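Undergrad: Below you'll find input-v1.txt; it's compact mmCIF, N, CA and C atoms.
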```txt
# COMPACT_ATOMS: atom_id res chain seq x y z
N GLN A 1 143.61 163.30 123.50
CA GLN A 1 142.42 162.48 123.37
C GLN A 1 142.59 161.52 122.20
N VAL A 2 142.48 160.23 122.50
CA VAL A 2 142.62 159.21 121.47
C VAL A 2 141.34 159.12 120.64
N GLN A 3 141.52 159.05 119.34
CA GLN A 3 140.38 158.83 118.45
C GLN A 3 140.59 157.54 117.67
N LEU A 4 139.53 156.74 117.59
CA LEU A 4 139.53 155.52 116.81
C LEU A 4 138.46 155.67 115.74
N VAL A 5 138.85 155.50 114.48
CA VAL A 5 137.93 155.72 113.37
C VAL A 5 137.80 154.42 112.57
N GLU A 6 136.58 153.86 112.62
CA GLU A 6 136.31 152.62 111.93
C GLU A 6 135.74 152.89 110.54
N SER A 7 136.02 151.99 109.61
CA SER A 7 135.49 152.09 108.25
C SER A 7 135.48 150.72 107.61
N GLY A 8 134.83 150.64 106.44
CA GLY A 8 134.85 149.40 105.68
C GLY A 8 133.56 148.61 105.72
N GLY A 9 132.61 149.04 106.52
CA GLY A 9 131.35 148.32 106.59
C GLY A 9 130.51 148.51 105.35
N GLY A 10 129.39 147.81 105.31
CA GLY A 10 128.49 147.93 104.18
C GLY A 10 127.54 146.76 104.11
N LEU A 11 126.88 146.65 102.98
CA LEU A 11 125.94 145.55 102.74
C LEU A 11 126.66 144.43 102.01
N VAL A 12 126.56 143.23 102.53
CA VAL A 12 127.24 142.09 101.92
C VAL A 12 126.29 140.89 101.96
N GLN A 13 126.37 140.06 100.95
CA GLN A 13 125.51 138.88 100.89
C GLN A 13 126.05 137.78 101.81
N PRO A 14 125.18 136.93 102.29
CA PRO A 14 125.65 135.78 103.09
C PRO A 14 126.70 134.99 102.32
N GLY A 15 127.76 134.62 103.03
CA GLY A 15 128.87 133.91 102.40
C GLY A 15 129.93 134.81 101.83
N GLY A 16 129.68 136.09 101.82
CA GLY A 16 130.63 137.05 101.27
C GLY A 16 131.70 137.46 102.27
N SER A 17 132.51 138.44 101.84
CA SER A 17 133.63 138.91 102.67
C SER A 17 133.62 140.42 102.77
N LEU A 18 134.25 140.88 103.85
CA LEU A 18 134.35 142.32 104.09
C LEU A 18 135.59 142.52 104.95
N LYS A 19 136.29 143.64 104.76
CA LYS A 19 137.45 143.95 105.60
C LYS A 19 137.25 145.30 106.26
N LEU A 20 137.24 145.29 107.57
CA LEU A 20 137.08 146.51 108.35
C LEU A 20 138.44 147.07 108.75
N SER A 21 138.50 148.40 108.87
CA SER A 21 139.72 149.07 109.30
C SER A 21 139.42 149.98 110.47
N CYS A 22 140.41 150.16 111.32
CA CYS A 22 140.31 151.06 112.47
C CYS A 22 141.63 151.81 112.58
N VAL A 23 141.57 153.11 112.32
CA VAL A 23 142.78 153.93 112.41
C VAL A 23 142.81 154.64 113.75
N ALA A 24 143.93 154.53 114.44
CA ALA A 24 144.10 155.15 115.75
C ALA A 24 144.88 156.45 115.62
N SER A 25 144.50 157.45 116.42
CA SER A 25 145.17 158.75 116.36
C SER A 25 146.44 158.77 117.20
N SER A 26 146.62 157.73 118.02
CA SER A 26 147.78 157.70 118.90
C SER A 26 148.42 156.32 118.87
N ARG A 27 149.75 156.29 118.84
CA ARG A 27 150.45 155.00 118.88
C ARG A 27 150.38 154.37 120.27
N GLY A 28 149.94 155.15 121.24
CA GLY A 28 149.86 154.65 122.60
C GLY A 28 148.86 153.51 122.79
N VAL A 29 147.89 153.42 121.87
CA VAL A 29 146.88 152.36 122.03
C VAL A 29 147.50 150.98 121.91
N TRP A 30 148.60 150.86 121.20
CA TRP A 30 149.19 149.55 120.94
C TRP A 30 149.93 148.98 122.16
N PHE A 31 150.02 149.75 123.23
CA PHE A 31 150.62 149.24 124.45
C PHE A 31 149.65 148.37 125.25
N TYR A 32 148.44 148.24 124.70
CA TYR A 32 147.41 147.44 125.36
C TYR A 32 146.78 146.50 124.34
N PRO A 33 146.14 145.43 124.80
CA PRO A 33 145.42 144.58 123.85
C PRO A 33 144.34 145.40 123.14
N MET A 34 144.13 145.09 121.87
CA MET A 34 143.10 145.76 121.07
C MET A 34 142.09 144.73 120.59
N GLY A 35 140.88 145.21 120.37
CA GLY A 35 139.86 144.26 119.93
C GLY A 35 138.81 144.90 119.04
N TRP A 36 138.07 144.02 118.41
CA TRP A 36 136.90 144.41 117.64
C TRP A 36 135.66 143.98 118.42
N TYR A 37 134.73 144.90 118.55
CA TYR A 37 133.48 144.68 119.26
C TYR A 37 132.33 144.86 118.26
N ARG A 38 131.20 144.25 118.56
CA ARG A 38 130.02 144.51 117.75
C ARG A 38 128.81 144.68 118.64
N GLN A 39 127.86 145.44 118.11
CA GLN A 39 126.66 145.74 118.87
C GLN A 39 125.45 145.67 117.96
N VAL A 40 124.51 144.84 118.37
CA VAL A 40 123.21 144.80 117.72
C VAL A 40 122.31 145.76 118.49
N SER A 41 121.49 146.51 117.77
CA SER A 41 120.68 147.56 118.37
C SER A 41 120.02 147.09 119.67
N GLY A 42 120.27 147.84 120.73
CA GLY A 42 119.64 147.55 122.00
C GLY A 42 120.40 146.58 122.88
N ASP A 43 121.38 145.90 122.30
CA ASP A 43 122.16 144.94 123.07
C ASP A 43 123.48 145.54 123.52
N GLN A 44 124.16 144.83 124.41
CA GLN A 44 125.49 145.27 124.82
C GLN A 44 126.50 144.97 123.73
N ARG A 45 127.57 145.75 123.72
CA ARG A 45 128.67 145.44 122.80
C ARG A 45 129.35 144.15 123.26
N GLU A 46 129.70 143.31 122.29
CA GLU A 46 130.42 142.08 122.61
C GLU A 46 131.75 142.08 121.88
N LEU A 47 132.75 141.56 122.57
CA LEU A 47 134.08 141.44 121.99
C LEU A 47 134.11 140.20 121.10
N VAL A 48 134.46 140.37 119.83
CA VAL A 48 134.47 139.22 118.93
C VAL A 48 135.87 138.80 118.51
N ALA A 49 136.82 139.71 118.57
CA ALA A 49 138.20 139.37 118.20
C ALA A 49 139.15 140.25 118.99
N ARG A 50 140.26 139.67 119.39
CA ARG A 50 141.19 140.36 120.28
C ARG A 50 142.63 140.05 119.86
N MET A 51 143.50 141.05 119.99
CA MET A 51 144.91 140.84 119.72
C MET A 51 145.73 141.41 120.87
N THR A 52 146.63 140.62 121.41
CA THR A 52 147.49 141.09 122.50
C THR A 52 148.59 141.99 121.93
N THR A 53 149.33 142.61 122.85
CA THR A 53 150.43 143.45 122.41
C THR A 53 151.47 142.63 121.64
N GLY A 54 151.58 141.37 121.99
CA GLY A 54 152.53 140.49 121.31
C GLY A 54 152.02 139.88 120.04
N GLY A 55 150.77 140.14 119.69
CA GLY A 55 150.22 139.65 118.44
C GLY A 55 149.40 138.37 118.54
N LYS A 56 149.22 137.86 119.75
CA LYS A 56 148.39 136.66 119.91
C LYS A 56 146.93 137.04 119.72
N THR A 57 146.18 136.15 119.05
CA THR A 57 144.79 136.46 118.74
C THR A 57 143.83 135.50 119.44
N ASN A 58 142.64 136.02 119.74
CA ASN A 58 141.56 135.22 120.32
C ASN A 58 140.26 135.64 119.65
N TYR A 59 139.34 134.67 119.53
CA TYR A 59 138.08 134.94 118.86
C TYR A 59 136.91 134.38 119.65
N GLU A 60 135.79 135.07 119.55
CA GLU A 60 134.55 134.56 120.11
C GLU A 60 134.14 133.36 119.27
N ASP A 61 133.53 132.38 119.90
CA ASP A 61 133.27 131.11 119.23
C ASP A 61 132.50 131.25 117.92
N SER A 62 131.55 132.15 117.86
CA SER A 62 130.69 132.26 116.67
C SER A 62 131.44 132.78 115.45
N VAL A 63 132.60 133.39 115.63
CA VAL A 63 133.35 133.93 114.49
C VAL A 63 134.66 133.18 114.24
N LYS A 64 134.99 132.27 115.12
CA LYS A 64 136.24 131.53 115.01
C LYS A 64 136.30 130.79 113.68
N GLY A 65 137.41 130.94 112.97
CA GLY A 65 137.57 130.29 111.67
C GLY A 65 137.03 131.11 110.51
N ARG A 66 136.30 132.17 110.81
CA ARG A 66 135.74 133.03 109.74
C ARG A 66 136.33 134.43 109.76
N PHE A 67 136.60 134.96 110.94
CA PHE A 67 137.14 136.31 111.09
C PHE A 67 138.61 136.24 111.44
N THR A 68 139.37 137.26 110.97
CA THR A 68 140.79 137.35 111.30
C THR A 68 141.12 138.78 111.69
N ILE A 69 141.68 138.95 112.87
CA ILE A 69 142.13 140.26 113.32
C ILE A 69 143.61 140.41 113.01
N SER A 70 143.99 141.60 112.55
CA SER A 70 145.39 141.87 112.25
C SER A 70 145.66 143.35 112.48
N ARG A 71 146.92 143.73 112.38
CA ARG A 71 147.27 145.13 112.58
C ARG A 71 148.45 145.50 111.69
N ASP A 72 148.56 146.77 111.40
CA ASP A 72 149.71 147.34 110.71
C ASP A 72 150.18 148.51 111.57
N LEU A 73 151.20 148.28 112.36
CA LEU A 73 151.65 149.32 113.29
C LEU A 73 152.19 150.54 112.56
N ALA A 74 152.77 150.35 111.39
CA ALA A 74 153.29 151.49 110.63
C ALA A 74 152.16 152.42 110.19
N LYS A 75 150.98 151.83 109.98
CA LYS A 75 149.82 152.62 109.57
C LYS A 75 148.89 152.92 110.74
N ASN A 76 149.29 152.48 111.94
CA ASN A 76 148.45 152.71 113.12
C ASN A 76 147.03 152.18 112.93
N THR A 77 146.92 151.03 112.30
CA THR A 77 145.62 150.52 111.88
C THR A 77 145.39 149.08 112.34
N LEU A 78 144.18 148.84 112.81
CA LEU A 78 143.72 147.50 113.18
C LEU A 78 142.71 147.06 112.13
N TYR A 79 142.75 145.79 111.76
CA TYR A 79 141.86 145.27 110.71
C TYR A 79 141.03 144.11 111.24
N LEU A 80 139.89 143.91 110.58
CA LEU A 80 139.10 142.70 110.81
C LEU A 80 138.65 142.17 109.45
N GLN A 81 139.24 141.06 109.05
CA GLN A 81 138.82 140.39 107.82
C GLN A 81 137.67 139.45 108.16
N MET A 82 136.55 139.67 107.50
CA MET A 82 135.34 138.89 107.77
C MET A 82 135.04 138.04 106.54
N ASN A 83 135.10 136.75 106.67
CA ASN A 83 134.80 135.82 105.58
C ASN A 83 133.59 134.97 105.95
N SER A 84 132.96 134.41 104.93
CA SER A 84 131.80 133.53 105.13
C SER A 84 130.80 134.16 106.09
N VAL A 85 130.47 135.41 105.84
CA VAL A 85 129.60 136.13 106.77
C VAL A 85 128.20 135.55 106.77
N LYS A 86 127.53 135.73 107.91
CA LYS A 86 126.19 135.21 108.11
C LYS A 86 125.26 136.35 108.51
N PRO A 87 123.97 136.20 108.32
CA PRO A 87 123.03 137.26 108.73
C PRO A 87 123.21 137.66 110.20
N GLU A 88 123.56 136.72 111.04
CA GLU A 88 123.72 137.05 112.46
C GLU A 88 124.98 137.86 112.74
N ASP A 89 125.81 138.10 111.73
CA ASP A 89 126.96 138.99 111.89
C ASP A 89 126.55 140.46 111.72
N THR A 90 125.32 140.69 111.33
CA THR A 90 124.83 142.06 111.16
C THR A 90 124.90 142.81 112.49
N ALA A 91 125.60 143.95 112.47
CA ALA A 91 125.82 144.73 113.69
C ALA A 91 126.62 145.97 113.34
N VAL A 92 126.76 146.86 114.31
CA VAL A 92 127.73 147.95 114.20
C VAL A 92 129.02 147.45 114.85
N TYR A 93 130.12 147.60 114.14
CA TYR A 93 131.42 147.11 114.60
C TYR A 93 132.28 148.27 115.05
N TYR A 94 132.92 148.09 116.20
CA TYR A 94 133.79 149.09 116.81
C TYR A 94 135.13 148.46 117.15
N CYS A 95 136.15 149.30 117.21
CA CYS A 95 137.42 148.84 117.78
C CYS A 95 137.66 149.61 119.07
N ASN A 96 138.43 149.02 119.96
CA ASN A 96 138.77 149.65 121.23
C ASN A 96 139.81 148.78 121.89
N GLN A 97 140.36 149.26 122.97
CA GLN A 97 141.26 148.44 123.77
C GLN A 97 140.42 147.38 124.49
N ASP A 98 141.14 146.38 125.06
CA ASP A 98 140.50 145.39 125.89
C ASP A 98 141.23 145.35 127.23
N PRO A 99 140.57 145.76 128.32
CA PRO A 99 139.19 146.22 128.40
C PRO A 99 139.01 147.58 127.73
N PRO A 100 137.80 147.86 127.26
CA PRO A 100 137.58 149.09 126.49
C PRO A 100 137.66 150.35 127.35
N GLN A 101 138.11 151.42 126.72
CA GLN A 101 138.13 152.73 127.35
C GLN A 101 136.90 153.49 126.87
N ASN A 102 136.08 153.95 127.80
CA ASN A 102 134.82 154.60 127.43
C ASN A 102 135.02 155.79 126.51
N ASP A 103 136.11 156.53 126.72
CA ASP A 103 136.34 157.74 125.92
C ASP A 103 136.82 157.43 124.51
N TYR A 104 137.14 156.19 124.23
CA TYR A 104 137.71 155.84 122.94
C TYR A 104 136.69 155.35 121.90
N TRP A 105 135.46 155.13 122.34
CA TRP A 105 134.47 154.60 121.37
C TRP A 105 134.29 155.58 120.22
N GLY A 106 134.38 155.05 119.00
CA GLY A 106 134.13 155.85 117.81
C GLY A 106 132.70 155.69 117.35
N GLN A 107 132.46 156.05 116.09
CA GLN A 107 131.12 155.96 115.53
C GLN A 107 130.78 154.53 115.09
N GLY A 108 131.80 153.73 114.92
CA GLY A 108 131.56 152.37 114.45
C GLY A 108 131.29 152.34 112.96
N THR A 109 131.21 151.12 112.44
CA THR A 109 130.88 150.94 111.02
C THR A 109 129.83 149.84 110.92
N GLN A 110 128.77 150.13 110.18
CA GLN A 110 127.64 149.22 110.08
C GLN A 110 127.94 148.10 109.08
N VAL A 111 127.73 146.88 109.52
CA VAL A 111 127.82 145.72 108.63
C VAL A 111 126.44 145.07 108.57
N THR A 112 125.93 144.93 107.36
CA THR A 112 124.63 144.30 107.16
C THR A 112 124.79 143.12 106.21
N VAL A 113 124.43 141.95 106.70
CA VAL A 113 124.53 140.73 105.90
C VAL A 113 123.13 140.33 105.49
N SER A 114 122.85 140.44 104.20
CA SER A 114 121.51 140.16 103.70
C SER A 114 121.57 139.87 102.21
N SER A 115 120.66 139.01 101.78
CA SER A 115 120.56 138.74 100.35
C SER A 115 119.51 139.64 99.71
```
Give the structure from this file in structure tokens form.
TA:
Amino acid sequence: QVQLVESGGGLVQPGGSLKLSCVASSRGVWFYPMGWYRQVSGDQRELVARMTTGGKTNYEDSVKGRFTISRDLAKNTLYLQMNSVKPEDTAVYYCNQDPPQNDYWGQGTQVTVSS
């Protein structure tokens, strides 16, 4: 059973930065595209950043130029660097494959952008 554990969230002021981490329990996840998703209470999870197995990245328009997805295969870890954050970035952030595997959803990490 694959486990994905997200961390790094917290309260940050508008314009600030935050770096999220996602540690995978299995190296097998890297054989598929990986992504960062976010969910605002009551809404569906949306994919905001994606990385292919080859390292190519894609971003949802609202985060393009502000967020950066990266990985460290030696540490089995996926990252999301969040810069110039906005109140509308407030959400619970999750990592998963793309398309997501239902059994892989972790607890997520809460990001709150507020002054």
Undergrad: Quick check, in Å to one decimal: how far apart do CA of Asn58 (chain A) and CA of Leu80 (chain A) lie?
TA: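 CA of Leu80 (chain A) lies 12.3 Å from CA of Asn58 (chain A).
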Undergrad: Produce a table with one row for each residue of region 6-64 of chain A that has an atom at most 6.5 Å from any atom of region 99-109 of chain A, each row naming the nearest atom pair and its distance in Å at one decimal; use all atoms listed in the file; arrange rows by chain and rising residue number; format as JSON lines.
TA:
```
{"residue": "A:Glu6", "atom": "C", "partner": "A:Gly108", "partner_atom": "C", "distance": 5.1}
{"residue": "A:Ser7", "atom": "N", "partner": "A:Thr109", "partner_atom": "CA", "distance": 5.4}
{"residue": "A:Gly8", "atom": "N", "partner": "A:Thr109", "partner_atom": "CA", "distance": 6.1}
{"residue": "A:Gly9", "atom": "CA", "partner": "A:Thr109", "partner_atom": "C", "distance": 4.8}
{"residue": "A:Gly10", "atom": "N", "partner": "A:Thr109", "partner_atom": "C", "distance": 6.0}
{"residue": "A:Pro33", "atom": "C", "partner": "A:Pro99", "partner_atom": "N", "distance": 6.4}
```
Undergrad: Hey, can you check how far atom N of Arg66 (chain A) sits from atom N of Arg27 (chain A)?
TA: 28.8 Å
Undergrad: From the options A:Leu47, A:Ser114, A:Leu20, A:Asp98, which residue's atoms come nearest to Val85 (chain A), counting all atoms listed in the file?
TA: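 Looking at the shortest contact to Val85 (chain A), the residue is A:Ser114.
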Undergrad: Near Met51 (chain A), within 8 Å and counting all atoms listed in the file, which residues show up once chain neighbours fewer than 3 positions away are dropped, as a PyMOL selection string?
TA: chain A and resi 32-36+54-59+69-70+98
Undergrad: Generate the output file for the selected residues, N, CA and C atoms, as a PDB file, in the coordinates of the input.
TA:
```
ATOM      1  N   TYR A  32     148.440 148.240 124.700  1.00  0.00           N
ATOM      2  CA  TYR A  32     147.410 147.440 125.360  1.00  0.00           C
ATOM      3  C   TYR A  32     146.780 146.500 124.340  1.00  0.00           C
ATOM      4  N   PRO A  33     146.140 145.430 124.800  1.00  0.00           N
ATOM      5  CA  PRO A  33     145.420 144.580 123.850  1.00  0.00           C
ATOM      6  C   PRO A  33     144.340 145.400 123.140  1.00  0.00           C
ATOM      7  N   MET A  34     144.130 145.090 121.870  1.00  0.00           N
ATOM      8  CA  MET A  34     143.100 145.760 121.070  1.00  0.00           C
ATOM      9  C   MET A  34     142.090 144.730 120.590  1.00  0.00           C
ATOM     10  N   GLY A  35     140.880 145.210 120.370  1.00  0.00           N
ATOM     11  CA  GLY A  35     139.860 144.260 119.930  1.00  0.00           C
ATOM     12  C   GLY A  35     138.810 144.900 119.040  1.00  0.00           C
ATOM     13  N   TRP A  36     138.070 144.020 118.410  1.00  0.00           N
ATOM     14  CA  TRP A  36     136.900 144.410 117.640  1.00  0.00           C
ATOM     15  C   TRP A  36     135.660 143.980 118.420  1.00  0.00           C
ATOM     16  N   GLY A  54     151.580 141.370 121.990  1.00  0.00           N
ATOM     17  CA  GLY A  54     152.530 140.490 121.310  1.00  0.00           C
ATOM     18  C   GLY A  54     152.020 139.880 120.040  1.00  0.00           C
ATOM     19  N   GLY A  55     150.770 140.140 119.690  1.00  0.00           N
ATOM     20  CA  GLY A  55     150.220 139.650 118.440  1.00  0.00           C
ATOM     21  C   GLY A  55     149.400 138.370 118.540  1.00  0.00           C
ATOM     22  N   LYS A  56     149.220 137.860 119.750  1.00  0.00           N
ATOM     23  CA  LYS A  56     148.390 136.660 119.910  1.00  0.00           C
ATOM     24  C   LYS A  56     146.930 137.040 119.720  1.00  0.00           C
ATOM     25  N   THR A  57     146.180 136.150 119.050  1.00  0.00           N
ATOM     26  CA  THR A  57     144.790 136.460 118.740  1.00  0.00           C
ATOM     27  C   THR A  57     143.830 135.500 119.440  1.00  0.00           C
ATOM     28  N   ASN A  58     142.640 136.020 119.740  1.00  0.00           N
ATOM     29  CA  ASN A  58     141.560 135.220 120.320  1.00  0.00           C
ATOM     30  C   ASN A  58     140.260 135.640 119.650  1.00  0.00           C
ATOM     31  N   TYR A  59     139.340 134.670 119.530  1.00  0.00           N
ATOM     32  CA  TYR A  59     138.080 134.940 118.860  1.00  0.00           C
ATOM     33  C   TYR A  59     136.910 134.380 119.650  1.00  0.00           C
ATOM     34  N   ILE A  69     141.680 138.950 112.870  1.00  0.00           N
ATOM     35  CA  ILE A  69     142.130 140.260 113.320  1.00  0.00           C
ATOM     36  C   ILE A  69     143.610 140.410 113.010  1.00  0.00           C
ATOM     37  N   SER A  70     143.990 141.600 112.550  1.00  0.00           N
ATOM     38  CA  SER A  70     145.390 141.870 112.250  1.00  0.00           C
ATOM     39  C   SER A  70     145.660 143.350 112.480  1.00  0.00           C
ATOM     40  N   ASP A  98     141.140 146.380 125.060  1.00  0.00           N
ATOM     41  CA  ASP A  98     140.500 145.390 125.890  1.00  0.00           C
ATOM     42  C   ASP A  98     141.230 145.350 127.230  1.00  0.00           C
TER      43      ASP A  98
END
```
Undergrad: Using atom C of Lys86 (chain A) and CA of Ser17 (chain A) as the two end points, give the distance in Å to one decimal.
TA: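 Interatomic distance, atom C of Lys86 (chain A) to CA of Ser17 (chain A): 10.5 Å.
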Undergrad: Mind giving me the axis-aligned box for region 49-67 of chain A with 8 Å on every side, centre plus edges in Å to one decimal, as lines of an AutoDock Vina configuration file?
TA:
```
center_x = 141.6
center_y = 136.9
center_z = 116.3
size_x = 37.8
size_y = 29.2
size_z = 29.1
```
Undergrad: Enumerate, as a VMD selection string, the protein, DNA and RNA residues whose atoms approach (130.6, 147.0, 112.2) to within 7 Å, taking into account only C-alpha atoms and the coordinate frame of the file.
TA: chain A and resid 9 38 91 to 94 108 to 111
Undergrad: Could you save the residues just selected, with N, CA and C atoms, as a compact mmCIF listing (two decimals), in the frame of the given file?
TA:
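Final output, result_19.txt:
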```txt
# COMPACT_ATOMS: atom_id res chain seq x y z
N GLY A 9 132.61 149.04 106.52
CA GLY A 9 131.35 148.32 106.59
C GLY A 9 130.51 148.51 105.35
N ARG A 38 131.20 144.25 118.56
CA ARG A 38 130.02 144.51 117.75
C ARG A 38 128.81 144.68 118.64
N ALA A 91 125.60 143.95 112.47
CA ALA A 91 125.82 144.73 113.69
C ALA A 91 126.62 145.97 113.34
N VAL A 92 126.76 146.86 114.31
CA VAL A 92 127.73 147.95 114.20
C VAL A 92 129.02 147.45 114.85
N TYR A 93 130.12 147.60 114.14
CA TYR A 93 131.42 147.11 114.60
C TYR A 93 132.28 148.27 115.05
N TYR A 94 132.92 148.09 116.20
CA TYR A 94 133.79 149.09 116.81
C TYR A 94 135.13 148.46 117.15
N GLY A 108 131.80 153.73 114.92
CA GLY A 108 131.56 152.37 114.45
C GLY A 108 131.29 152.34 112.96
N THR A 109 131.21 151.12 112.44
CA THR A 109 130.88 150.94 111.02
C THR A 109 129.83 149.84 110.92
N GLN A 110 128.77 150.13 110.18
CA GLN A 110 127.64 149.22 110.08
C GLN A 110 127.94 148.10 109.08
N VAL A 111 127.73 146.88 109.52
CA VAL A 111 127.82 145.72 108.63
C VAL A 111 126.44 145.07 108.57
```
Undergrad: Return the single residue from A:Thr53, A:Glu60, A:Val2, A:Ala74 that is closest to Ser25 (chain A), with distances computed using only C-alpha atoms.
TA: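 The shortest atom-to-atom distance to Ser25 (chain A) comes from A:Val2.
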Undergrad: When distances are computed from only C-alpha atoms, which of A:Gln1, A:Gln13, A:Ser21, A:Thr52 shows the smallest separation from Thr77 (chain A)?
TA: A:Ser21
Undergrad: Taking only C-alpha atoms into account, name the residue in A:Gln81, A:Ser41, A:Asn76, A:Thr68 that is nearest to Val23 (chain A).
TA: A:Asn76
Undergrad: Which residue gives the smallest distance to Leu78 (chain A) among A:Cys22, A:Gly28, A:Val113, A:Asp43, with all atoms listed in the file counted?
TA: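 The answer is A:Cys22, which sits nearest to Leu78 (chain A).
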Undergrad: For Glu88 (chain A), which of A:Gln44, A:Ser62, A:Ser115, A:Ser26 is the closest residue, counting only C-alpha atoms?
TA: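 Counting only C-alpha atoms, the residue closest to Glu88 (chain A) is A:Ser62.
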Undergrad: Could you please write out, as a ChimeraX atom specification, every residue of chain A that DSSP assigns to strand (DSSP E)?
TA: /A:4-7,10-12,18-24,34-39,46-51,57-59,67-72,77-82,91-97,109-113
